[in-house]
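Asker: File protein_23.cif below, mmCIF, C-alpha atoms:
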```cif
data_model
#
loop_
_atom_site.group_PDB
_atom_site.id
_atom_site.type_symbol
_atom_site.label_atom_id
_atom_site.label_comp_id
_atom_site.auth_asym_id
_atom_site.auth_seq_id
_atom_site.Cartn_x
_atom_site.Cartn_y
_atom_site.Cartn_z
ATOM 1 C CA MET W 289 0.000 0.000 0.000
ATOM 2 C CA LYS W 290 1.329 3.390 -0.970
ATOM 3 C CA GLY W 291 2.043 5.758 1.902
ATOM 4 C CA ALA W 292 3.604 5.237 5.301
ATOM 5 C CA GLY W 293 0.500 5.580 7.469
ATOM 6 C CA ASN W 294 0.175 1.953 8.542
ATOM 7 C CA PHE W 295 3.913 1.569 8.922
ATOM 8 C CA VAL W 296 4.111 4.571 11.255
ATOM 9 C CA LYS W 297 1.140 3.334 13.245
ATOM 10 C CA ASN W 298 2.421 -0.219 13.667
ATOM 11 C CA SER W 299 6.229 -0.012 13.582
ATOM 12 C CA ALA W 300 7.395 3.497 14.445
ATOM 13 C CA PRO W 301 4.548 5.467 16.068
ATOM 14 C CA TRP W 302 6.963 8.218 17.104
ATOM 15 C CA LEU W 303 7.300 9.162 13.436
ATOM 16 C CA LYS W 304 3.768 10.515 13.383
ATOM 17 C CA GLU W 305 5.312 13.759 14.651
ATOM 18 C CA LEU W 306 7.114 14.141 11.333
ATOM 19 C CA LYS W 307 5.049 16.287 8.983
ATOM 20 C CA GLY W 308 4.164 14.558 5.712
ATOM 21 C CA ILE W 309 5.647 11.160 6.591
ATOM 22 C CA GLU W 310 2.367 9.413 5.732
ATOM 23 C CA LYS W 311 2.739 10.558 2.111
ATOM 24 C CA LEU W 312 6.036 8.759 1.559
ATOM 25 C CA ASP W 313 5.866 5.430 -0.243
ATOM 26 C CA LEU W 314 8.168 3.379 1.970
ATOM 27 C CA GLN W 315 7.590 0.306 -0.181
ATOM 28 C CA ASP W 316 9.604 2.042 -2.868
ATOM 29 C CA PRO W 317 13.234 0.972 -2.227
ATOM 30 C CA PHE W 318 14.748 4.321 -3.148
ATOM 31 C CA ILE W 319 12.236 6.371 -1.144
ATOM 32 C CA ARG W 320 12.921 4.111 1.837
ATOM 33 C CA LEU W 321 16.691 4.425 1.354
ATOM 34 C CA VAL W 322 16.587 8.223 1.210
ATOM 35 C CA THR W 323 14.169 8.437 4.133
ATOM 36 C CA GLY W 324 16.563 6.313 6.173
ATOM 37 C CA GLY W 325 19.469 8.554 5.216
ATOM 38 C CA PHE W 326 17.598 11.667 6.308
ATOM 39 C CA LEU W 327 16.343 10.142 9.561
ATOM 40 C CA ALA W 328 19.822 8.807 10.344
ATOM 41 C CA TYR W 329 21.338 12.229 9.706
ATOM 42 C CA ALA W 330 18.942 14.042 12.047
ATOM 43 C CA ALA W 331 19.291 11.323 14.681
ATOM 44 C CA GLY W 332 23.087 11.551 14.627
ATOM 45 C CA ASP W 333 22.968 15.310 14.864
ATOM 46 C CA ALA W 334 20.693 15.283 17.913
ATOM 47 C CA PHE W 335 22.642 12.420 19.502
ATOM 48 C CA GLY W 336 25.998 14.134 19.000
ATOM 49 C CA VAL W 337 25.117 17.575 20.366
ATOM 50 C CA PRO W 338 25.753 16.820 24.088
ATOM 51 C CA PHE W 339 29.239 15.458 23.326
ATOM 52 C CA GLU W 340 30.386 18.322 21.103
ATOM 53 C CA PHE W 341 33.796 19.642 22.211
ATOM 54 C CA ALA W 342 33.292 18.033 25.623
ATOM 55 C CA PRO W 343 35.829 15.708 27.321
ATOM 56 C CA ARG W 344 36.146 12.489 25.346
ATOM 57 C CA ARG W 345 34.436 9.348 26.600
ATOM 58 C CA LYS W 346 34.752 5.658 25.788
ATOM 59 C CA VAL W 347 32.489 4.123 23.160
ATOM 60 C CA GLU W 348 30.794 1.833 25.671
ATOM 61 C CA GLU W 349 29.805 4.842 27.798
ATOM 62 C CA ILE W 350 27.883 6.447 24.921
ATOM 63 C CA THR W 351 24.602 4.621 24.350
ATOM 64 C CA LEU W 352 21.723 6.979 25.171
ATOM 65 C CA LEU W 353 20.417 10.344 24.018
ATOM 66 C CA GLU W 354 21.712 12.759 26.648
ATOM 67 C CA LYS W 355 20.767 16.255 27.774
ATOM 68 C CA LYS W 356 22.905 19.321 27.146
ATOM 69 C CA ASP W 357 22.494 22.423 29.273
ATOM 70 C CA GLY W 358 20.640 25.117 27.390
ATOM 71 C CA TRP W 359 19.586 22.724 24.628
ATOM 72 C CA PRO W 360 16.243 20.917 24.220
ATOM 73 C CA LEU W 361 16.458 17.143 24.603
ATOM 74 C CA GLY W 362 16.322 15.579 21.169
ATOM 75 C CA GLY W 363 16.738 18.886 19.372
ATOM 76 C CA VAL W 364 18.885 18.982 16.257
ATOM 77 C CA SER W 365 21.531 21.597 15.512
ATOM 78 C CA ASP W 366 22.004 23.796 12.469
ATOM 79 C CA ASP W 367 23.591 20.766 10.751
ATOM 80 C CA THR W 368 20.237 19.151 10.004
ATOM 81 C CA LEU W 369 18.337 22.368 9.398
ATOM 82 C CA LEU W 370 20.953 23.726 6.981
ATOM 83 C CA SER W 371 20.992 20.399 5.141
ATOM 84 C CA LEU W 372 17.223 20.529 4.727
ATOM 85 C CA LEU W 373 17.408 24.119 3.476
ATOM 86 C CA THR W 374 20.034 23.022 0.951
ATOM 87 C CA ILE W 375 17.794 20.206 -0.272
ATOM 88 C CA GLN W 376 14.839 22.573 -0.553
ATOM 89 C CA ALA W 377 16.922 24.750 -2.874
ATOM 90 C CA LEU W 378 17.185 21.768 -5.254
ATOM 91 C CA LYS W 379 13.644 22.524 -6.379
ATOM 92 C CA GLU W 380 15.356 25.033 -8.657
ATOM 93 C CA ASN W 381 16.731 23.452 -11.831
ATOM 94 C CA ASP W 382 19.434 26.066 -12.353
ATOM 95 C CA ASN W 383 22.359 25.687 -9.926
ATOM 96 C CA SER W 384 23.024 29.418 -9.677
ATOM 97 C CA VAL W 385 19.365 30.040 -8.862
ATOM 98 C CA ALA W 386 19.435 27.217 -6.325
ATOM 99 C CA ALA W 387 22.432 28.839 -4.628
ATOM 100 C CA VAL W 388 20.626 32.178 -4.347
ATOM 101 C CA THR W 389 17.511 30.402 -3.102
ATOM 102 C CA PHE W 390 19.490 28.626 -0.398
ATOM 103 C CA LEU W 391 20.965 31.887 0.858
ATOM 104 C CA SER W 392 17.506 33.456 0.944
ATOM 105 C CA LEU W 393 16.097 30.481 2.860
ATOM 106 C CA LEU W 394 19.080 30.607 5.206
ATOM 107 C CA ARG W 395 18.503 34.257 6.065
ATOM 108 C CA SER W 396 14.817 33.662 6.704
ATOM 109 C CA GLN W 397 15.582 30.842 9.137
ATOM 110 C CA ILE W 398 18.260 32.518 11.264
ATOM 111 C CA PRO W 399 16.053 32.630 14.398
ATOM 112 C CA ASN W 400 15.500 28.854 14.207
ATOM 113 C CA LEU W 401 19.133 27.811 13.727
ATOM 114 C CA ARG W 402 21.062 26.563 16.747
ATOM 115 C CA GLY W 403 24.859 26.284 16.750
ATOM 116 C CA LEU W 404 25.801 28.106 13.543
ATOM 117 C CA GLY W 405 29.473 27.661 12.610
ATOM 118 C CA PRO W 406 31.904 30.497 11.875
ATOM 119 C CA THR W 407 31.751 30.271 8.079
ATOM 120 C CA THR W 408 27.959 30.412 7.951
ATOM 121 C CA ARG W 409 27.892 33.213 10.494
ATOM 122 C CA ALA W 410 30.380 35.177 8.407
ATOM 123 C CA ALA W 411 28.322 34.608 5.252
ATOM 124 C CA LEU W 412 25.314 36.054 7.040
ATOM 125 C CA GLY W 413 27.216 39.012 8.424
ATOM 126 C CA LEU W 414 26.878 37.738 11.998
ATOM 127 C CA PRO W 415 29.618 38.071 14.643
ATOM 128 C CA VAL W 416 32.416 35.492 14.597
ATOM 129 C CA LYS W 417 34.760 34.726 17.489
ATOM 130 C CA GLU W 418 38.282 36.016 16.965
ATOM 131 C CA SER W 419 39.649 32.504 17.541
ATOM 132 C CA GLU W 420 37.495 31.152 14.701
ATOM 133 C CA ARG W 421 38.214 33.774 12.038
ATOM 134 C CA GLU W 422 41.122 31.849 10.565
ATOM 135 C CA SER W 423 38.863 28.903 9.739
ATOM 136 C CA ILE W 424 36.247 30.927 7.839
ATOM 137 C CA GLY W 425 35.584 29.364 4.431
ATOM 138 C CA ASN W 426 37.514 26.192 5.199
ATOM 139 C CA THR W 427 35.370 24.303 7.690
ATOM 140 C CA ASN W 428 33.405 21.073 7.363
ATOM 141 C CA GLY W 429 30.147 23.008 6.950
ATOM 142 C CA ALA W 430 30.016 22.688 3.161
ATOM 143 C CA MET W 431 30.375 18.913 3.402
ATOM 144 C CA MET W 432 27.926 18.831 6.281
ATOM 145 C CA ARG W 433 25.048 20.431 4.409
ATOM 146 C CA THR W 434 25.629 19.067 0.872
ATOM 147 C CA SER W 435 26.409 15.404 1.599
ATOM 148 C CA LEU W 436 22.783 14.339 1.155
ATOM 149 C CA VAL W 437 22.699 16.082 -2.230
ATOM 150 C CA GLY W 438 24.724 13.112 -3.487
ATOM 151 C CA LEU W 439 21.586 10.973 -3.169
ATOM 152 C CA ALA W 440 19.945 12.963 -5.954
ATOM 153 C CA PHE W 441 22.380 11.728 -8.603
ATOM 154 C CA ASN W 442 23.196 8.327 -10.036
ATOM 155 C CA SER W 443 26.893 7.619 -10.386
ATOM 156 C CA ASP W 444 26.681 8.213 -14.140
ATOM 157 C CA ARG W 445 25.618 11.818 -13.493
ATOM 158 C CA ALA W 446 28.864 12.768 -11.774
ATOM 159 C CA LYS W 447 29.317 16.066 -13.614
ATOM 160 C CA GLU W 448 25.798 17.195 -12.741
ATOM 161 C CA ARG W 449 26.410 16.274 -9.108
ATOM 162 C CA ARG W 450 29.717 18.145 -9.007
ATOM 163 C CA ASP W 451 28.250 21.264 -10.559
ATOM 164 C CA CYS W 452 25.303 21.222 -8.164
ATOM 165 C CA VAL W 453 27.306 20.538 -4.987
ATOM 166 C CA THR W 454 29.960 23.099 -5.922
ATOM 167 C CA ALA W 455 27.396 25.840 -6.516
ATOM 168 C CA LEU W 456 25.640 25.160 -3.215
ATOM 169 C CA ALA W 457 28.874 24.810 -1.247
ATOM 170 C CA LYS W 458 30.314 28.074 -2.539
ATOM 171 C CA VAL W 459 27.445 30.068 -1.077
ATOM 172 C CA THR W 460 29.253 29.876 2.247
ATOM 173 C CA HIS W 461 32.588 28.113 1.674
ATOM 174 C CA THR W 462 35.180 29.615 -0.642
ATOM 175 C CA LYS W 463 38.257 27.518 0.144
ATOM 176 C CA GLN W 464 38.945 24.595 -2.187
ATOM 177 C CA PRO W 465 39.580 21.910 0.473
ATOM 178 C CA ALA W 466 36.104 22.502 1.913
ATOM 179 C CA ILE W 467 34.523 22.189 -1.528
ATOM 180 C CA ASP W 468 36.626 19.140 -2.437
ATOM 181 C CA CYS W 469 35.574 17.289 0.708
ATOM 182 C CA ALA W 470 31.940 18.141 0.004
ATOM 183 C CA LEU W 471 32.315 16.647 -3.469
ATOM 184 C CA ALA W 472 34.100 13.553 -2.153
ATOM 185 C CA LEU W 473 31.446 12.719 0.423
ATOM 186 C CA SER W 474 28.640 13.392 -2.040
ATOM 187 C CA ALA W 475 30.344 10.878 -4.365
ATOM 188 C CA ALA W 476 30.375 8.281 -1.595
ATOM 189 C CA MET W 477 26.686 8.936 -0.920
ATOM 190 C CA SER W 478 25.905 8.588 -4.613
ATOM 191 C CA LEU W 479 27.758 5.278 -4.862
ATOM 192 C CA ALA W 480 26.126 3.929 -1.702
ATOM 193 C CA SER W 481 22.677 4.824 -3.014
ATOM 194 C CA ASN W 482 23.333 2.873 -6.222
ATOM 195 C CA MET W 483 24.493 -0.378 -4.651
ATOM 196 C CA ASN W 484 21.441 -1.512 -2.652
ATOM 197 C CA GLY W 485 23.474 -2.292 0.445
ATOM 198 C CA LYS W 486 26.025 -4.334 -1.507
ATOM 199 C CA ALA W 487 28.957 -1.926 -1.795
ATOM 200 C CA SER W 488 32.125 -2.998 -0.021
ATOM 201 C CA LEU W 489 34.087 -0.765 2.328
ATOM 202 C CA ILE W 490 36.856 -0.711 -0.289
ATOM 203 C CA GLN W 491 34.408 0.566 -2.907
ATOM 204 C CA LEU W 492 33.112 3.243 -0.562
ATOM 205 C CA ASN W 493 36.603 4.472 0.262
ATOM 206 C CA SER W 494 37.589 4.248 -3.405
ATOM 207 C CA ALA W 495 34.677 6.503 -4.347
ATOM 208 C CA VAL W 496 36.205 9.254 -2.217
ATOM 209 C CA ILE W 497 39.704 8.750 -3.653
ATOM 210 C CA GLN W 498 38.432 8.582 -7.228
ATOM 211 C CA GLU W 499 36.474 11.791 -6.766
ATOM 212 C CA LEU W 500 39.548 13.582 -5.450
ATOM 213 C CA LYS W 501 41.443 12.310 -8.496
ATOM 214 C CA GLU W 502 38.758 13.452 -10.923
ATOM 215 C CA ILE W 503 38.683 16.983 -9.513
ATOM 216 C CA ASP W 504 42.488 17.119 -9.241
ATOM 217 C CA SER W 505 42.322 17.916 -5.534
ATOM 218 C CA GLU W 506 45.381 18.828 -3.500
ATOM 219 C CA LEU W 507 43.917 16.569 -0.791
ATOM 220 C CA LEU W 508 44.405 13.420 -2.875
ATOM 221 C CA GLU W 509 47.873 12.694 -1.507
ATOM 222 C CA SER W 510 46.611 12.568 2.068
ATOM 223 C CA PHE W 511 43.868 10.080 1.116
ATOM 224 C CA ILE W 512 45.756 7.757 -1.250
ATOM 225 C CA ASP W 513 47.265 5.760 1.620
ATOM 226 C CA PHE W 514 44.430 6.427 4.054
ATOM 227 C CA ASN W 515 43.107 3.269 5.716
ATOM 228 C CA PRO W 516 39.823 3.975 7.493
ATOM 229 C CA ILE W 517 40.126 0.924 9.722
ATOM 230 C CA SER W 518 43.578 1.721 11.132
ATOM 231 C CA TRP W 519 43.327 5.526 11.160
ATOM 232 C CA SER W 520 44.119 7.234 14.472
ATOM 233 C CA SER W 521 41.971 10.237 15.324
ATOM 234 C CA PRO W 522 43.445 13.382 16.905
ATOM 235 C CA ASN W 523 43.683 13.168 20.685
ATOM 236 C CA GLU W 524 42.056 16.576 21.011
ATOM 237 C CA GLY W 525 39.005 15.479 19.021
ATOM 238 C CA ILE W 526 37.737 16.127 15.507
ATOM 239 C CA PRO W 527 38.171 19.789 14.536
ATOM 240 C CA LEU W 528 36.178 21.755 11.960
ATOM 241 C CA ASN W 529 38.849 20.874 9.386
ATOM 242 C CA PRO W 530 37.016 19.277 6.415
ATOM 243 C CA ALA W 531 39.661 16.663 5.531
ATOM 244 C CA ILE W 532 39.954 15.384 9.093
ATOM 245 C CA THR W 533 36.167 15.320 9.391
ATOM 246 C CA LEU W 534 35.906 13.266 6.191
ATOM 247 C CA LYS W 535 38.462 10.777 7.512
ATOM 248 C CA ALA W 536 36.566 10.572 10.810
ATOM 249 C CA VAL W 537 33.357 9.756 8.928
ATOM 250 C CA LEU W 538 35.011 7.014 6.875
ATOM 251 C CA PHE W 539 36.674 5.631 10.014
ATOM 252 C CA THR W 540 33.359 5.566 11.882
ATOM 253 C CA VAL W 541 31.524 3.827 9.063
ATOM 254 C CA ALA W 542 34.327 1.272 8.748
ATOM 255 C CA LYS W 543 34.284 0.472 12.460
ATOM 256 C CA ALA W 544 30.499 0.425 12.960
ATOM 257 C CA SER W 545 28.608 -2.839 13.227
ATOM 258 C CA ASP W 546 25.170 -1.204 13.081
ATOM 259 C CA CYS W 547 23.562 2.237 13.072
ATOM 260 C CA ALA W 548 23.607 2.632 16.851
ATOM 261 C CA SER W 549 27.311 1.811 17.075
ATOM 262 C CA ALA W 550 28.082 4.375 14.366
ATOM 263 C CA TYR W 551 26.696 7.092 16.611
ATOM 264 C CA SER W 552 28.607 5.869 19.656
ATOM 265 C CA ILE W 553 31.886 5.619 17.750
ATOM 266 C CA ALA W 554 31.453 9.067 16.191
ATOM 267 C CA CYS W 555 30.828 10.696 19.556
ATOM 268 C CA SER W 556 33.735 8.885 21.202
ATOM 269 C CA LEU W 557 36.079 10.731 18.835
ATOM 270 C CA GLY W 558 35.301 14.034 20.550
ATOM 271 C CA GLY W 559 35.364 17.463 18.965
ATOM 272 C CA ASP W 560 32.670 18.225 16.394
ATOM 273 C CA THR W 561 30.608 15.188 17.357
ATOM 274 C CA ASP W 562 27.208 16.272 16.048
ATOM 275 C CA THR W 563 28.544 16.755 12.524
ATOM 276 C CA VAL W 564 30.544 13.509 12.510
ATOM 277 C CA ALA W 565 27.630 11.523 13.982
ATOM 278 C CA ALA W 566 25.160 12.996 11.471
ATOM 279 C CA LEU W 567 27.373 12.334 8.452
ATOM 280 C CA SER W 568 28.501 8.897 9.653
ATOM 281 C CA GLY W 569 25.008 7.774 10.591
ATOM 282 C CA SER W 570 23.484 8.811 7.290
ATOM 283 C CA LEU W 571 26.295 7.345 5.183
ATOM 284 C CA TYR W 572 26.205 4.076 7.128
ATOM 285 C CA CYS W 573 22.423 3.796 6.846
ATOM 286 C CA VAL W 574 22.468 4.418 3.078
ATOM 287 C CA TRP W 575 25.529 2.207 2.542
ATOM 288 C CA GLN W 576 23.998 -0.726 4.414
ATOM 289 C CA ASP W 577 20.399 0.017 3.355
ATOM 290 C CA ALA W 578 19.641 -0.095 7.069
ATOM 291 C CA PHE W 579 16.302 1.715 7.356
ATOM 292 C CA TYR W 580 14.576 -1.018 9.369
ATOM 293 C CA GLU W 581 17.563 -1.431 11.643
ATOM 294 C CA LEU W 582 17.737 2.315 12.231
ATOM 295 C CA ILE W 583 14.154 2.723 13.379
ATOM 296 C CA GLU W 584 14.647 0.039 16.034
ATOM 297 C CA ILE W 585 16.990 2.314 18.011
ATOM 298 C CA PRO W 586 14.954 3.087 21.167
ATOM 299 C CA TRP W 587 16.089 6.677 21.708
ATOM 300 C CA LEU W 588 14.890 7.803 18.269
ATOM 301 C CA GLN W 589 11.469 8.317 19.818
ATOM 302 C CA GLU W 590 12.994 11.042 22.034
ATOM 303 C CA ILE W 591 14.030 13.220 19.091
ATOM 304 C CA ASP W 592 11.898 16.270 18.387
ATOM 305 C CA TRP W 593 10.794 15.231 14.918
ATOM 306 C CA ALA W 594 8.081 17.879 14.853
ATOM 307 C CA GLU W 595 10.626 20.655 14.287
ATOM 308 C CA LEU W 596 11.825 19.028 11.059
ATOM 309 C CA GLU W 597 8.881 20.269 9.024
ATOM 310 C CA THR W 598 10.491 19.837 5.605
ATOM 311 C CA LEU W 599 12.218 16.471 6.073
ATOM 312 C CA SER W 600 9.535 14.403 4.323
ATOM 313 C CA ASP W 601 9.218 16.941 1.538
ATOM 314 C CA SER W 602 13.010 16.930 1.130
ATOM 315 C CA VAL W 603 12.904 13.174 0.528
ATOM 316 C CA GLN W 604 10.482 13.855 -2.315
ATOM 317 C CA VAL W 605 12.760 16.600 -3.666
ATOM 318 C CA ILE W 606 15.679 14.155 -3.804
ATOM 319 C CA ASN W 607 13.520 11.539 -5.504
ATOM 320 C CA ALA W 608 12.303 14.025 -8.110
ATOM 321 C CA LYS W 609 15.843 15.225 -8.827
ATOM 322 C CA ARG W 610 17.094 11.656 -9.115
ATOM 323 C CA ASN W 611 14.424 10.755 -11.637
ATOM 324 C CA ARG W 612 14.562 13.954 -13.669
#
```
Can you turn what I pasted into structure tokens?
Answerer:
Amino acid sequence: MKGAGNFVKNSAPWLKELKGIEKLDLQDPFIRLVTGGFLAYAAGDAFGVPFEFAPRRKVEEITLLEKKDGWPLGGVSDDTLLSLLTIQALKENDNSVAAVTFLSLLRSQIPNLRGLGPTTRAALGLPVKESERESIGNTNGAMMRTSLVGLAFNSDRAKERRDCVTALAKVTHTKQPAIDCALALSAAMSLASNMNGKASLIQLNSAVIQELKEIDSELLESFIDFNPISWSSPNEGIPLNPAITLKAVLFTVAKASDCASAYSIACSLGGDTDTVAALSGSLYCVWQDAFYELIEIPWLQEIDWAELETLSDSVQVINAKRNR
């Protein structure tokens, strides 16, 4: 039966808070895959917020959705909201128009955005801490909000994907490493969405390396010999640096045994945990086609799904773009 009404009622009643979820055809494999990617992203974001730039903890100590002072339990950060705004801009066929649309949507949503990073704040003309000025334009924010765009393109539409991601990334991020990492992760997302849960870890990692080769990125050398399984994360945690964030995501996905463990591993790395958990969770869920596994995580019912008003519509936007 088309629509998710019965599924929500019988299997995941907490999803009834999500506007428009009943209109999604979860029997369609691609719709289900994209829905899982979006849900996993938002879940990782909300899960990672309490651990962001806090003292590092062991993986086994990180299993539940925790409270952060001054933050609503289960509330997502700007990571999810900016990603959804980016996807909404894909309704425009022209990339330059989509970029302008995103910036307009961004400005209109400033009051609703929690935890804006320095690059986005600078793009909006908002105050930036002196200690963060050096990182403006070269943070992981471009990768953070365009990764899900990769789901809108089959692997044989690589040029279209690159043009689209680049245009949307450049609205806020002007430095090439930030754009290159956005392209690399979108390539991994695209590959994962094509393989129906059958891509190997080697193929996933190779998608990133091949993308860096294709765009002649200066980051290629640091990824050629990168082994996600044996990589050692910085002791001080994952910074806003896009290349280190990308390696942290690949490491997390490689080490995870299921969706829940991906979130725990990501947060155990310390630093920018909400971004790493969001990106890792979504990539893992798409890579493993793990929608049904994802929704079994008990603490997902504690997330404030009601505030994600455009999530279901964004799934439809991705589907429409994919099938254009």
Asker: Any idea what the distance is between atom CA of W:Thr460 and atom CA of W:Ala411?
Answerer: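 Distance reported for this atom pair: 5.7 Å.
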Asker: Using only C-alpha atoms, what residues lie at most 12 Å away from (19.6, -2.7, 1.7) (file coordinates), given as a CSV table (one decimal) with C-alpha atoms, in the frame of the given file?
Answerer:
```
chain,number,residue,atom,x,y,z
W,316,ASP,CA,9.6,2.0,-2.9
W,317,PRO,CA,13.2,1.0,-2.2
W,318,PHE,CA,14.7,4.3,-3.1
W,320,ARG,CA,12.9,4.1,1.8
W,321,LEU,CA,16.7,4.4,1.4
W,322,VAL,CA,16.6,8.2,1.2
W,324,GLY,CA,16.6,6.3,6.2
W,325,GLY,CA,19.5,8.6,5.2
W,480,ALA,CA,26.1,3.9,-1.7
W,481,SER,CA,22.7,4.8,-3.0
W,482,ASN,CA,23.3,2.9,-6.2
W,483,MET,CA,24.5,-0.4,-4.7
W,484,ASN,CA,21.4,-1.5,-2.7
W,485,GLY,CA,23.5,-2.3,0.4
W,486,LYS,CA,26.0,-4.3,-1.5
W,487,ALA,CA,29.0,-1.9,-1.8
W,572,TYR,CA,26.2,4.1,7.1
W,573,CYS,CA,22.4,3.8,6.8
W,574,VAL,CA,22.5,4.4,3.1
W,575,TRP,CA,25.5,2.2,2.5
W,576,GLN,CA,24.0,-0.7,4.4
W,577,ASP,CA,20.4,0.0,3.4
W,578,ALA,CA,19.6,-0.1,7.1
W,579,PHE,CA,16.3,1.7,7.4
W,580,TYR,CA,14.6,-1.0,9.4
W,581,GLU,CA,17.6,-1.4,11.6
W,582,LEU,CA,17.7,2.3,12.2
```
Asker: When you count only C-alpha atoms, which of these residues is closest to W:Ala565: W:Leu401, W:Ala476, W:Val385, W:Met432?
Answerer: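 Selected residue with least distance to W:Ala565: W:Met432.
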Asker: Translate the PyMOL selection byres ((chain W and resi 360-373) around 9), as applied to the file shown, into an explicit residue set as a compact mmCIF listing (two decimals) with C-alpha atoms, in the coordinates of the input.
Answerer:
```
# COMPACT_ATOMS: atom_id res chain seq x y z
CA PHE W 326 17.60 11.67 6.31
CA TYR W 329 21.34 12.23 9.71
CA ALA W 330 18.94 14.04 12.05
CA ALA W 331 19.29 11.32 14.68
CA GLY W 332 23.09 11.55 14.63
CA ASP W 333 22.97 15.31 14.86
CA ALA W 334 20.69 15.28 17.91
CA PHE W 335 22.64 12.42 19.50
CA VAL W 337 25.12 17.58 20.37
CA LEU W 353 20.42 10.34 24.02
CA GLU W 354 21.71 12.76 26.65
CA LYS W 355 20.77 16.26 27.77
CA LYS W 356 22.90 19.32 27.15
CA ASP W 357 22.49 22.42 29.27
CA GLY W 358 20.64 25.12 27.39
CA TRP W 359 19.59 22.72 24.63
CA THR W 374 20.03 23.02 0.95
CA ILE W 375 17.79 20.21 -0.27
CA GLN W 376 14.84 22.57 -0.55
CA ALA W 377 16.92 24.75 -2.87
CA PHE W 390 19.49 28.63 -0.40
CA LEU W 391 20.96 31.89 0.86
CA LEU W 393 16.10 30.48 2.86
CA LEU W 394 19.08 30.61 5.21
CA GLN W 397 15.58 30.84 9.14
CA ASN W 400 15.50 28.85 14.21
CA LEU W 401 19.13 27.81 13.73
CA ARG W 402 21.06 26.56 16.75
CA GLY W 403 24.86 26.28 16.75
CA LEU W 404 25.80 28.11 13.54
CA GLY W 405 29.47 27.66 12.61
CA GLY W 429 30.15 23.01 6.95
CA MET W 432 27.93 18.83 6.28
CA ARG W 433 25.05 20.43 4.41
CA THR W 434 25.63 19.07 0.87
CA SER W 435 26.41 15.40 1.60
CA LEU W 436 22.78 14.34 1.16
CA VAL W 437 22.70 16.08 -2.23
CA ASP W 562 27.21 16.27 16.05
CA THR W 563 28.54 16.76 12.52
CA ALA W 566 25.16 13.00 11.47
CA TRP W 587 16.09 6.68 21.71
CA LEU W 588 14.89 7.80 18.27
CA GLN W 589 11.47 8.32 19.82
CA GLU W 590 12.99 11.04 22.03
CA ILE W 591 14.03 13.22 19.09
CA ASP W 592 11.90 16.27 18.39
CA TRP W 593 10.79 15.23 14.92
CA GLU W 595 10.63 20.66 14.29
CA LEU W 596 11.82 19.03 11.06
CA THR W 598 10.49 19.84 5.60
CA LEU W 599 12.22 16.47 6.07
CA SER W 602 13.01 16.93 1.13
```
Asker: Show which residues sit within 12 Å of W:Glu349, as number ranges by chain. Count all atoms listed in the file, and ignore same-chain residues fewer than 2 positions away.
Answerer: W: 339, 344-347, 351-354, 549, 551-553, 555-556
Asker: For the point (23.7, 37.3, 6.8) in file coordinates, what residues are within 10 Å, counting only C-alpha atoms? Give the answer as an mmCIF file with C-alpha atoms, keeping the file's coordinate frame?
Answerer:
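Listed below is the output, point_15.cif:
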```cif
data_model
loop_
_atom_site.group_PDB
_atom_site.id
_atom_site.type_symbol
_atom_site.label_atom_id
_atom_site.label_comp_id
_atom_site.auth_asym_id
_atom_site.auth_seq_id
_atom_site.Cartn_x
_atom_site.Cartn_y
_atom_site.Cartn_z
ATOM 1 C CA LEU W 391 20.965 31.887 0.858
ATOM 2 C CA SER W 392 17.506 33.456 0.944
ATOM 3 C CA LEU W 394 19.080 30.607 5.206
ATOM 4 C CA ARG W 395 18.503 34.257 6.065
ATOM 5 C CA SER W 396 14.817 33.662 6.704
ATOM 6 C CA ILE W 398 18.260 32.518 11.264
ATOM 7 C CA THR W 408 27.959 30.412 7.951
ATOM 8 C CA ARG W 409 27.892 33.213 10.494
ATOM 9 C CA ALA W 410 30.380 35.177 8.407
ATOM 10 C CA ALA W 411 28.322 34.608 5.252
ATOM 11 C CA LEU W 412 25.314 36.054 7.040
ATOM 12 C CA GLY W 413 27.216 39.012 8.424
ATOM 13 C CA LEU W 414 26.878 37.738 11.998
ATOM 14 C CA PRO W 415 29.618 38.071 14.643
#
```
Asker: Return the single residue from W:Asn529, W:Asn428, W:Ser494, W:Ser299 that is closest to W:Asp513, with distances computed using all atoms listed in the file.
Answerer: W:Ser494
Asker: On this file, the PyMOL selection byres ((chain W and resi 506) around 12) gives some set of residues; write that set as a VMD selection string.
Answerer: chain W and resid 463 to 469 497 499 to 505 507 to 512 531
Asker: What separation in Å, quoted to one decimal, exists between atom CA of W:Pro516 and atom CA of W:Ile583?
Answerer: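 Distance reported for this atom pair: 26.4 Å.
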Asker: What is the distance, in Å and to one decimal place, between atom CA of W:Lys447 and atom CA of W:Ala542?
Answerer: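 Atom CA of W:Ala542 lies 27.3 Å from atom CA of W:Lys447.
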Asker: With only C-alpha atoms as the atoms that count, which of W:Gly336, W:Pro586, W:Asp444, W:Lys379 lies nearest to W:Leu557?
Answerer: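 Closest candidate: W:Gly336.
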Asker: May I ask which of the residues W:Ile424, W:Ala440, W:Val537, W:Leu303 is the closest one to W:Leu327, counting all atoms listed in the file?
Answerer: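 Looking only at the distances to W:Leu327, the closest residue turns out to be W:Leu303.
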Asker: With all atoms listed in the file as the counted atoms, please give the residues lying no more than 9 Å from W:Ile319, apart from itself and same-chain residues fewer than 3 positions off, as number ranges by chain.
Answerer: W: 312-316, 322-324, 603-604, 606-607
Asker: As a check of understanding, name the residues that the PyMOL selection byres ((chain W and resi 448) around 12) selects in the supplied structure, as a list in words.
Answerer: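 Output of the PyMOL selection byres ((chain W and resi 448) around 12): Asn381, Asp382, Asn383, Val437, Gly438, Ala440, Phe441, Asn442, Ser443, Asp444, Arg445, Ala446, Lys447, Arg449, Arg450, Asp451, Cys452, Val453, Thr454, Ala455, Leu471, Ser474, Ala475, Ser478, Lys609, Arg610 and Arg612 of chain W.
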